[in-house]
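A quick write-up on the structure given underneath.
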Amino acid sequence: MIAAVLGLGEAGTIYAEGLAGAGWEVRTFDPQDVPTPPRTVRAADIEDALRGAGIVLSLTGASAAFDAARAASCALGPGMLFADMNTAAPEQKRLIGAIIEPTGAQMADIAVLAAVPRHGIRTPLLASGPGAPATAAALGAAGVPVELLEGPVGMAAGRKLLRSVFMKGLAALALEGMAAAEAAGCADWMRGQIAAELGPQGHAVLDRLIEGSLLHAERRGHEVQAARTALEDYGVPTHMCEATLKWLEIAATEPKVRP
């Protein structure tokens, strides 16, 4: 299998390297001056990256996903798969699907359901859309777990955002609880209390919740904003989303308040 990986951020680099390690020929593209993953070929542009590829993995981030899809549409054709793996609102996925559909390629809306740095290409994925079955089969052959949803492009993205309400809200609770404990002078005690509730790997989970929020505050803020919009569409209160957004803003801009 020849794959094109668009975007060499944290997740894109891991998937490119992992698929190459599974025996795939992997062509990559990123306009930024970032390292090229081992055993992959760096393309000069998106059209060059897609040359000969059977599947395209878009991991550009939501802000660049439209531009990547438009550029890819010039080189896509029947029989090819376009997997948008960016976290975005269902409507954005549907708009990208409208760009891909006229090319004859099949799009899969892919939701990433756990931290890619922790699980590598074994990170569980959720897929919907016309290209989901073929994408799941292709990635599954490389050891990538993909759960199929019977539904259109946008369905997997919507499920991811519902999950984000809980997961990012849990991280906000950890930030607030630990910040208060630091101020009260009992951080070690509080850490133990939270970790005990999070299960056998509680301390590691707590570290990931806090460190991930601090490291990716801006990106997670966009994700929670999309989740808030989804809840508003469902007619559900968004109190936790609002609080989570405030803590992500603090994590990004007010280091003295961080735990």
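In the structure tokens, the first chain shown is A, the next is B, and so on; residue numbers restart at 1 for each chain, and ligands run from 1 in the order shown.
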Handout entry: Within 10 Å of stretch 55-67 of chain A using only C-alpha atoms, minus same-chain residues under 2 positions, as number ranges by chain
Key = A: 1-13, 15-16, 26-30, 49-50, 52-53, 69-73, 76, 79-89, 92-93, 95-97, 99, 105-108, 110, 134-135, 138-139, 219, 222-223
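The set of residues in stretch 87-158 of chain A assigned to strand (DSSP E) by DSSP, using only backbone atoms of this structure, is Gln106, Met107, Ala108, Asp109, Ile110, Ala111, Val112, Leu125, Leu126, Ala127, Ser128, Val146, Glu147 and Leu148 of chain A.
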Give one line per residue of stretch 1-79 of chain A that approaches stretch 119-128 of chain A to at most 8 Å, naming the two atoms of the closest pair and their distance in Å to one decimal, counting only C-alpha atoms; sort by chain then ascending residue number and deliver it as JSON lines.
```
{"residue": "A:Ile14", "atom": "CA", "partner": "A:Gly120", "partner_atom": "CA", "distance": 6.1}
{"residue": "A:Tyr15", "atom": "CA", "partner": "A:Ile121", "partner_atom": "CA", "distance": 5.8}
{"residue": "A:Gly18", "atom": "CA", "partner": "A:Ile121", "partner_atom": "CA", "distance": 6.0}
{"residue": "A:Leu19", "atom": "CA", "partner": "A:Ile121", "partner_atom": "CA", "distance": 7.6}
```
Practice task
One decimal, Å: what's the distance from atom CA of A:Ala217 over to atom CA of A:Glu147, could you say?
Solution key: 27.8 Å
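Rounded to one decimal, atom CA of A:Ala183 and atom CA of A:Gly212 lie 21.4 Å from each other.
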Handout entry: Residue among A:Pro78, A:Pro38, A:Gly129, A:Gly185 lying closest to A:Gly154, counting only C-alpha atoms
Key = A:Gly129
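Proximity ranking of A:Thr253, A:Ala142, A:Ala243, A:Gly54 relative to A:Glu17 places A:Ala142 first, based on only C-alpha atoms.
Taking only C-alpha atoms into account, A:Gly221 lies nearest to A:Cys241 out of the set A:Cys241, A:Ala179, A:Ala184, A:Ala132.
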Practice task
Choose the residue, out of A:Lys246, A:His239, A:His203, A:Arg118, that has the smallest atom-to-atom separation from A:Glu218; count only C-alpha atoms.
Solution key: A:Lys246
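Across A:Thr40, A:Thr229, A:Thr238, A:Thr244, the tightest approach to A:Leu161 is made by A:Thr229 when counting only C-alpha atoms.
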Completion exercise
Taken to one decimal, the atom CA of A:Gly177-atom CA of A:Ala195 distance is 11.9 Å
Practice task
Looking only at helix (DSSP H, G or I) from DSSP on the backbone, list the matching residues of stretch 50-193 of chain A as a PyMOL selection string.
Solution key: chain A and resi 50+62-73+90-103+116-122+132-140+155-184+187-193
Handout entry: Contacts of A:Ala181 within 12 Å, only C-alpha atoms, excl. fewer than 3 positions in-chain, as a PyMOL selection string
Key = chain A and resi 174-178+184-194+257-259
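Nearest to A:Ser213 of all the residues A:Leu198, A:Ala111, A:Ala252, A:Leu231 is A:Ala252, counting only C-alpha atoms.
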